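Trainee: File follows, protein04.csv with CSV, C-alpha atoms:
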chain,number,residue,atom,x,y,z
A,1,MET,CA,78.3,-1.6,10.9
A,2,GLY,CA,75.4,-1.7,8.3
A,3,LYS,CA,73.9,-5.0,7.2
A,4,VAL,CA,73.8,-5.7,3.4
A,5,ILE,CA,70.3,-6.6,2.2
A,6,ALA,CA,70.5,-9.6,-0.3
A,7,PHE,CA,68.1,-9.0,-3.1
A,8,PRO,CA,66.9,-12.2,-4.8
A,9,GLY,CA,68.6,-13.1,-8.1
A,10,GLN,CA,69.7,-10.1,-10.0
A,11,GLY,CA,67.4,-8.1,-7.8
A,12,PRO,CA,64.3,-6.2,-8.9
A,13,GLU,CA,64.9,-3.4,-11.3
A,14,LYS,CA,63.3,-0.1,-10.5
A,15,PHE,CA,60.8,1.2,-13.0
A,16,GLY,CA,62.2,3.7,-15.4
A,17,TYR,CA,61.2,7.2,-16.2
A,18,LYS,CA,57.7,8.2,-17.1
A,19,PRO,CA,57.3,10.5,-20.0
A,20,VAL,CA,54.4,12.9,-20.2
A,21,ALA,CA,51.8,12.4,-22.9
A,22,LYS,CA,49.5,15.2,-24.0
A,23,LYS,CA,46.5,15.5,-21.8
A,24,ARG,CA,43.1,16.0,-23.5
A,25,PRO,CA,42.0,19.6,-22.9
A,26,GLY,CA,38.9,19.9,-20.7
A,27,ILE,CA,39.0,16.4,-19.3
A,28,THR,CA,39.3,16.5,-15.5
A,29,ASP,CA,38.7,13.0,-14.3
A,30,LYS,CA,39.9,9.5,-15.1
A,31,ASN,CA,36.5,8.4,-16.5
A,32,GLY,CA,36.8,10.9,-19.4
A,33,GLN,CA,34.1,13.2,-18.1
A,34,LEU,CA,34.2,16.7,-19.6
A,35,ASN,CA,34.5,19.7,-17.3
A,36,LEU,CA,31.5,21.8,-18.3
A,37,PHE,CA,33.1,24.9,-16.7
A,38,ALA,CA,36.4,24.8,-18.5
A,39,GLY,CA,37.1,27.4,-21.2
A,40,ALA,CA,36.4,26.2,-24.7
A,41,LYS,CA,39.2,26.1,-27.3
A,42,VAL,CA,39.0,25.4,-31.0
A,43,VAL,CA,41.5,22.7,-31.9
A,44,SER,CA,42.4,21.8,-35.4
A,45,LEU,CA,42.0,18.1,-36.0
A,46,ASN,CA,44.6,17.8,-38.7
A,47,LYS,CA,47.5,19.6,-37.1
A,48,LEU,CA,49.5,18.6,-34.0
A,49,SER,CA,50.7,21.1,-31.5
A,50,THR,CA,54.4,21.6,-31.1
A,51,PHE,CA,54.4,19.5,-27.9
A,52,GLU,CA,52.5,16.7,-29.7
A,53,GLU,CA,55.0,16.8,-32.6
A,54,ALA,CA,57.9,16.6,-30.1
A,55,LEU,CA,56.3,13.7,-28.3
A,56,MET,CA,55.8,11.9,-31.6
A,57,MET,CA,59.5,12.5,-32.5
A,58,ASP,CA,60.6,11.4,-29.0
A,59,GLU,CA,58.6,8.1,-29.2
A,60,GLN,CA,60.5,7.5,-32.5
A,61,GLN,CA,63.8,8.4,-30.8
A,62,ASP,CA,64.4,11.2,-33.2
A,63,VAL,CA,66.9,13.8,-32.0
A,64,ALA,CA,64.6,16.5,-33.4
A,65,ALA,CA,62.4,16.0,-30.3
A,66,LYS,CA,64.6,18.1,-28.1
A,67,GLU,CA,64.4,21.1,-30.4
A,68,LEU,CA,60.6,20.7,-30.6
A,69,TYR,CA,60.2,20.5,-26.9
A,70,LEU,CA,62.3,23.7,-26.6
A,71,LYS,CA,60.0,25.3,-29.2
A,72,ALA,CA,56.9,24.2,-27.3
A,73,ILE,CA,58.3,25.9,-24.2
A,74,GLU,CA,58.9,29.1,-26.1
A,75,THR,CA,55.3,29.1,-27.4
A,76,GLY,CA,53.8,28.2,-24.1
A,77,ASP,CA,52.6,24.8,-25.3
A,78,SER,CA,52.5,22.2,-22.4
A,79,VAL,CA,55.5,23.9,-20.7
A,80,ALA,CA,55.7,21.7,-17.6
A,81,ASP,CA,55.3,18.6,-19.7
A,82,ALA,CA,58.0,19.6,-22.2
A,83,TYR,CA,60.5,20.4,-19.4
A,84,CYS,CA,59.8,17.0,-17.9
A,85,ASN,CA,60.4,15.2,-21.1
A,86,LEU,CA,63.5,17.2,-21.7
A,87,GLY,CA,64.7,16.0,-18.3
A,88,ILE,CA,64.2,12.4,-19.4
A,89,LEU,CA,66.2,13.0,-22.6
A,90,GLU,CA,69.0,14.6,-20.7
A,91,SER,CA,69.1,11.8,-18.1
A,92,GLN,CA,69.2,9.2,-20.9
A,93,HIS,CA,72.3,10.9,-22.2
A,94,LYS,CA,73.8,10.9,-18.6
A,95,ASN,CA,73.6,14.7,-18.4
A,96,THR,CA,72.5,14.6,-14.7
A,97,THR,CA,72.9,18.3,-14.0
A,98,SER,CA,70.8,19.3,-17.1
A,99,ALA,CA,68.2,16.6,-16.3
A,100,ILE,CA,67.8,17.9,-12.7
A,101,ASP,CA,67.5,21.5,-14.1
A,102,TYR,CA,64.7,20.5,-16.5
A,103,PHE,CA,62.8,18.5,-13.9
A,104,THR,CA,63.1,21.5,-11.5
A,105,LYS,CA,61.8,23.9,-14.2
A,106,SER,CA,58.9,21.6,-14.8
A,107,LEU,CA,58.1,21.7,-11.1
A,108,LYS,CA,58.4,25.5,-11.1
A,109,GLU,CA,55.8,25.6,-13.8
A,110,ASP,CA,53.6,23.1,-12.0
A,111,PRO,CA,54.6,22.1,-8.4
A,112,ARG,CA,52.1,19.2,-8.5
A,113,HIS,CA,53.5,17.6,-11.7
A,114,TYR,CA,53.7,14.1,-10.5
A,115,GLU,CA,55.7,12.8,-13.5
A,116,ALA,CA,58.4,15.4,-12.8
A,117,HIS,CA,58.5,14.4,-9.1
A,118,TYR,CA,58.7,10.7,-10.1
A,119,ASN,CA,61.4,11.2,-12.7
A,120,LEU,CA,63.4,13.4,-10.4
A,121,ALA,CA,63.2,10.8,-7.7
A,122,ASN,CA,64.5,8.2,-10.2
A,123,LEU,CA,67.4,10.4,-11.1
A,124,TYR,CA,68.3,11.0,-7.4
A,125,ALA,CA,68.1,7.3,-6.8
A,126,GLU,CA,70.4,6.6,-9.7
A,127,VAL,CA,73.1,8.9,-8.2
A,128,GLY,CA,72.6,7.5,-4.7
A,129,ASN,CA,70.9,10.5,-3.1
A,130,TRP,CA,68.3,8.3,-1.2
A,131,MET,CA,66.9,11.1,0.9
A,132,LEU,CA,65.9,13.3,-2.1
A,133,ALA,CA,64.7,10.2,-4.0
A,134,LYS,CA,62.5,9.3,-1.1
A,135,LEU,CA,61.1,12.8,-0.8
A,136,HIS,CA,60.2,13.0,-4.5
A,137,TYR,CA,58.7,9.5,-4.6
A,138,GLU,CA,56.5,10.4,-1.6
A,139,LEU,CA,55.5,13.7,-3.3
A,140,SER,CA,54.6,11.8,-6.5
A,141,ILE,CA,52.5,9.3,-4.4
A,142,THR,CA,50.7,12.2,-2.7
A,143,ILE,CA,49.8,13.7,-6.0
A,144,GLU,CA,49.0,10.5,-7.9
A,145,PRO,CA,48.4,7.6,-5.4
A,146,GLN,CA,47.2,5.2,-8.1
A,147,PHE,CA,50.6,5.0,-9.9
A,148,PRO,CA,52.1,1.7,-8.7
A,149,ASN,CA,55.7,2.3,-9.9
A,150,SER,CA,56.2,5.1,-7.3
A,151,TYR,CA,55.5,2.6,-4.5
A,152,PHE,CA,57.9,0.0,-5.9
A,153,ASN,CA,60.7,2.5,-6.4
A,154,LEU,CA,60.1,4.1,-3.0
A,155,ALA,CA,60.4,0.6,-1.5
A,156,LEU,CA,63.8,0.1,-3.2
A,157,THR,CA,64.9,3.5,-1.9
A,158,LEU,CA,63.7,2.8,1.6
A,159,ALA,CA,65.5,-0.5,1.6
A,160,MET,CA,68.8,1.1,0.5
A,161,ASN,CA,68.3,3.6,3.3
A,162,GLY,CA,67.8,0.9,5.9
A,163,GLU,CA,64.1,1.5,6.4
A,164,LYS,CA,63.0,-2.1,6.0
A,165,LYS,CA,59.6,-1.9,7.7
A,166,GLU,CA,58.6,1.2,5.6
A,167,ALA,CA,59.9,-0.6,2.4
A,168,VAL,CA,57.7,-3.6,3.1
A,169,GLU,CA,54.7,-1.3,3.6
A,170,ALA,CA,55.4,0.4,0.3
A,171,LEU,CA,55.6,-3.0,-1.5
A,172,PHE,CA,52.2,-4.0,-0.1
A,173,GLN,CA,50.8,-0.8,-1.5
A,174,TYR,CA,52.4,-1.6,-4.8
A,175,LYS,CA,50.8,-5.1,-4.8
A,176,LYS,CA,47.4,-3.6,-4.2
A,177,LEU,CA,47.7,-1.6,-7.5
A,178,VAL,CA,49.1,-4.3,-9.9
A,179,PRO,CA,47.7,-7.6,-11.2
A,180,ILE,CA,48.9,-10.8,-9.5
A,181,SER,CA,51.1,-11.5,-12.6
A,182,GLU,CA,53.2,-8.5,-11.7
A,183,GLN,CA,53.7,-9.1,-8.0
A,184,GLN,CA,56.6,-11.7,-8.0
A,185,SER,CA,59.4,-9.1,-7.7
A,186,ALA,CA,57.6,-7.4,-4.8
A,187,ASP,CA,57.0,-10.8,-3.1
A,188,GLU,CA,60.7,-11.7,-3.5
A,189,LEU,CA,61.8,-8.3,-2.1
A,190,ILE,CA,59.4,-8.6,0.8
A,191,GLU,CA,60.8,-12.0,1.7
A,192,SER,CA,64.3,-10.7,1.5
A,193,LEU,CA,63.6,-7.7,3.7
A,194,SER,CA,61.7,-9.9,6.2
A,195,GLU,CA,64.7,-12.2,6.6
A,196,GLY,CA,67.1,-9.5,7.5
I need this file expressed as structure tokens, please.
Mentor:
Amino acid sequence: MGKVIAFPGQGPEKFGYKPVAKKRPGITDKNGQLNLFAGAKVVSLNKLSTFEEALMMDEQQDVAAKELYLKAIETGDSVADAYCNLGILESQHKNTTSAIDYFTKSLKEDPRHYEAHYNLANLYAEVGNWMLAKLHYELSITIEPQFPNSYFNLALTLAMNGEKKEAVEALFQYKKLVPISEQQSADELIESLSEG
């Protein structure tokens, strides 16, 4: 018989979905260095792309965002990002099947799209598919190892799957990436997992 893991208080909440913001063209590293070998593109400074318009509408919770994301996909503007954000919209409306479809389409466009892996993992965790959640959290960590929320959510998934030692290891990785002020939930969860 399995043992129930008692989480402190209400228990730590997993971090939610991660929408994709428009990436600056030609920027390749986190320090903002330009890639001198990337193709040049003339960009109008006073007009937003369709994806950027959709993102702006999405941030304002305007229902027009969905249609703009679909239009961005039709025109080839940030296709993987648009599919990913559509997946978030669908998951917020509890349309799990559509959300999975959009996240999968995002990954078909860009198999290394860490936000799509992370968001798909969140969706699988919500429906209790711990193995697929674990797989996609691990993939998102492989692609973007500096995103702390993946480690925390992976730890919750591992704990639900009975993999306590691995959950604690993921929490220690999370703690390395966040300020001390954000470590309390991880500390409580580590203590709870260590007791059982």
Trainee: Can you check which parts of region 106-195 of chain A lie within 9 Å of region 83-91 of chain A? Per residue, the shortest pair of atoms and distance in Å to one decimal, counting all atoms listed in the file, sorted by chain and number, as JSON lines.
Mentor:
{"residue": "A:Ser106", "atom": "CA", "partner": "A:Tyr83", "partner_atom": "CA", "distance": 5.0}
{"residue": "A:Leu107", "atom": "CA", "partner": "A:Cys84", "partner_atom": "CA", "distance": 8.4}
{"residue": "A:Glu109", "atom": "CA", "partner": "A:Tyr83", "partner_atom": "CA", "distance": 9.0}
{"residue": "A:His113", "atom": "CA", "partner": "A:Cys84", "partner_atom": "CA", "distance": 8.9}
{"residue": "A:Glu115", "atom": "CA", "partner": "A:Cys84", "partner_atom": "CA", "distance": 7.3}
{"residue": "A:Ala116", "atom": "CA", "partner": "A:Cys84", "partner_atom": "CA", "distance": 5.5}
{"residue": "A:Asn119", "atom": "CA", "partner": "A:Ile88", "partner_atom": "CA", "distance": 7.4}
{"residue": "A:Leu120", "atom": "CA", "partner": "A:Gly87", "partner_atom": "CA", "distance": 8.4}
{"residue": "A:Leu123", "atom": "CA", "partner": "A:Ser91", "partner_atom": "CA", "distance": 7.3}
Trainee: Could you give me, as a list in words, the residues within 10 Å of Ala121 (chain A), counting only C-alpha atoms and dropping anything in the same chain fewer than 3 positions from it?
Mentor: Tyr17, Ile100, Phe103, Glu115, Ala116, His117, Tyr118, Tyr124, Ala125, Glu126, Asn129, Trp130, Met131, Leu132, Ala133, Lys134, Leu135, His136, Tyr137, Glu138, Leu139, Ser140, Ser150, Asn153, Leu154 and Thr157 of chain A
Trainee: Using all atoms listed in the file, which of A:Met160, A:Ile143, A:Val63, A:Val178 sits nearest His93 (chain A)?
Mentor: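 Of A:Met160, A:Ile143, A:Val63, A:Val178, the one nearest His93 (chain A), counting all atoms listed in the file, is A:Val63.
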Trainee: So the first atom is CA of Lys165 (chain A) and the second is CA of Ser185 (chain A); what is the distance between them in Å, to one decimal place?
Mentor: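 According to the coordinates, CA of Lys165 (chain A) and CA of Ser185 (chain A) are separated by 17.0 Å.
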Trainee: Which residues are close to Ala186 (chain A), i.e. within 8 Å by only C-alpha atoms, leaving aside same-chain residues fewer than 2 positions away? Reply as an MDAnalysis selection string.
Mentor: chainID A and resid 12 152 171:172 174:175 183:184 188:190
Trainee: Rounded to one decimal in Å, what is the spacing between CA of Ala54 (chain A) and CA of Lys94 (chain A)?
Mentor: 20.4 Å
Trainee: Skipping near chain neighbours, those fewer than 3 positions away, what residues fall within 12 Å of Glu163 (chain A) using only C-alpha atoms, listed as a PyMOL selection string?
Mentor: chain A and resi 2-3+5+130-131+134+154-160+166-170+193-194+196
Trainee: Can you work out the spacing between CA of Gln173 (chain A) and CA of Phe147 (chain A) in Å, to one decimal?
Mentor: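 We find that CA of Gln173 (chain A) and CA of Phe147 (chain A) lie 10.2 Å from each other.
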Trainee: May I ask you to restore N, CA and C atoms in region 102-126 of chain A and write the result as a PDB file, in the frame of the given file?
Mentor:
ATOM      1  N   TYR A 102      66.008  20.577 -15.793  1.00  0.00           N
ATOM      2  CA  TYR A 102      64.700  20.500 -16.500  1.00  0.00           C
ATOM      3  C   TYR A 102      63.591  20.024 -15.636  1.00  0.00           C
ATOM      4  N   PHE A 103      63.843  19.007 -14.821  1.00  0.00           N
ATOM      5  CA  PHE A 103      62.800  18.500 -13.900  1.00  0.00           C
ATOM      6  C   PHE A 103      62.376  19.629 -12.941  1.00  0.00           C
ATOM      7  N   THR A 104      63.366  20.370 -12.457  1.00  0.00           N
ATOM      8  CA  THR A 104      63.100  21.500 -11.500  1.00  0.00           C
ATOM      9  C   THR A 104      62.275  22.564 -12.207  1.00  0.00           C
ATOM     10  N   LYS A 105      62.609  22.862 -13.466  1.00  0.00           N
ATOM     11  CA  LYS A 105      61.800  23.900 -14.200  1.00  0.00           C
ATOM     12  C   LYS A 105      60.406  23.403 -14.433  1.00  0.00           C
ATOM     13  N   SER A 106      60.228  22.112 -14.651  1.00  0.00           N
ATOM     14  CA  SER A 106      58.900  21.600 -14.800  1.00  0.00           C
ATOM     15  C   SER A 106      58.092  21.791 -13.503  1.00  0.00           C
ATOM     16  N   LEU A 107      58.745  21.541 -12.366  1.00  0.00           N
ATOM     17  CA  LEU A 107      58.100  21.700 -11.100  1.00  0.00           C
ATOM     18  C   LEU A 107      57.840  23.204 -10.763  1.00  0.00           C
ATOM     19  N   LYS A 108      58.682  24.068 -11.286  1.00  0.00           N
ATOM     20  CA  LYS A 108      58.400  25.500 -11.100  1.00  0.00           C
ATOM     21  C   LYS A 108      57.181  25.920 -11.846  1.00  0.00           C
ATOM     22  N   GLU A 109      56.963  25.334 -13.022  1.00  0.00           N
ATOM     23  CA  GLU A 109      55.800  25.600 -13.800  1.00  0.00           C
ATOM     24  C   GLU A 109      54.511  25.018 -13.156  1.00  0.00           C
ATOM     25  N   ASP A 110      54.678  23.791 -12.627  1.00  0.00           N
ATOM     26  CA  ASP A 110      53.600  23.100 -12.000  1.00  0.00           C
ATOM     27  C   ASP A 110      54.078  22.259 -10.828  1.00  0.00           C
ATOM     28  N   PRO A 111      54.013  22.808  -9.625  1.00  0.00           N
ATOM     29  CA  PRO A 111      54.600  22.100  -8.400  1.00  0.00           C
ATOM     30  C   PRO A 111      53.913  20.748  -8.175  1.00  0.00           C
ATOM     31  N   ARG A 112      52.741  20.485  -8.733  1.00  0.00           N
ATOM     32  CA  ARG A 112      52.100  19.200  -8.500  1.00  0.00           C
ATOM     33  C   ARG A 112      52.194  18.280  -9.742  1.00  0.00           C
ATOM     34  N   HIS A 113      53.223  18.453 -10.514  1.00  0.00           N
ATOM     35  CA  HIS A 113      53.500  17.600 -11.700  1.00  0.00           C
ATOM     36  C   HIS A 113      54.084  16.324 -11.250  1.00  0.00           C
ATOM     37  N   TYR A 114      53.242  15.295 -11.119  1.00  0.00           N
ATOM     38  CA  TYR A 114      53.700  14.100 -10.500  1.00  0.00           C
ATOM     39  C   TYR A 114      54.785  13.355 -11.324  1.00  0.00           C
ATOM     40  N   GLU A 115      54.701  13.447 -12.665  1.00  0.00           N
ATOM     41  CA  GLU A 115      55.700  12.800 -13.500  1.00  0.00           C
ATOM     42  C   GLU A 115      57.093  13.432 -13.230  1.00  0.00           C
ATOM     43  N   ALA A 116      57.137  14.752 -13.058  1.00  0.00           N
ATOM     44  CA  ALA A 116      58.400  15.400 -12.800  1.00  0.00           C
ATOM     45  C   ALA A 116      58.960  14.974 -11.420  1.00  0.00           C
ATOM     46  N   HIS A 117      58.088  14.878 -10.407  1.00  0.00           N
ATOM     47  CA  HIS A 117      58.500  14.400  -9.100  1.00  0.00           C
ATOM     48  C   HIS A 117      59.055  12.957  -9.207  1.00  0.00           C
ATOM     49  N   TYR A 118      58.292  12.106  -9.897  1.00  0.00           N
ATOM     50  CA  TYR A 118      58.700  10.700 -10.100  1.00  0.00           C
ATOM     51  C   TYR A 118      60.003  10.568 -10.797  1.00  0.00           C
ATOM     52  N   ASN A 119      60.141  11.303 -11.896  1.00  0.00           N
ATOM     53  CA  ASN A 119      61.400  11.200 -12.700  1.00  0.00           C
ATOM     54  C   ASN A 119      62.561  11.794 -11.953  1.00  0.00           C
ATOM     55  N   LEU A 120      62.335  12.871 -11.217  1.00  0.00           N
ATOM     56  CA  LEU A 120      63.400  13.400 -10.400  1.00  0.00           C
ATOM     57  C   LEU A 120      63.842  12.462  -9.329  1.00  0.00           C
ATOM     58  N   ALA A 121      62.878  11.780  -8.737  1.00  0.00           N
ATOM     59  CA  ALA A 121      63.200  10.800  -7.700  1.00  0.00           C
ATOM     60  C   ALA A 121      64.039   9.648  -8.353  1.00  0.00           C
ATOM     61  N   ASN A 122      63.673   9.202  -9.560  1.00  0.00           N
ATOM     62  CA  ASN A 122      64.500   8.200 -10.200  1.00  0.00           C
ATOM     63  C   ASN A 122      65.906   8.637 -10.452  1.00  0.00           C
ATOM     64  N   LEU A 123      66.057   9.889 -10.857  1.00  0.00           N
ATOM     65  CA  LEU A 123      67.400  10.400 -11.100  1.00  0.00           C
ATOM     66  C   LEU A 123      68.199  10.493  -9.807  1.00  0.00           C
ATOM     67  N   TYR A 124      67.571  10.977  -8.728  1.00  0.00           N
ATOM     68  CA  TYR A 124      68.300  11.000  -7.400  1.00  0.00           C
ATOM     69  C   TYR A 124      68.637   9.608  -6.975  1.00  0.00           C
ATOM     70  N   ALA A 125      67.769   8.637  -7.204  1.00  0.00           N
ATOM     71  CA  ALA A 125      68.100   7.300  -6.800  1.00  0.00           C
ATOM     72  C   ALA A 125      69.266   6.730  -7.618  1.00  0.00           C
ATOM     73  N   GLU A 126      69.326   7.075  -8.900  1.00  0.00           N
ATOM     74  CA  GLU A 126      70.400   6.600  -9.700  1.00  0.00           C
ATOM     75  C   GLU A 126      71.778   7.133  -9.233  1.00  0.00           C
TER      76      GLU A 126
END
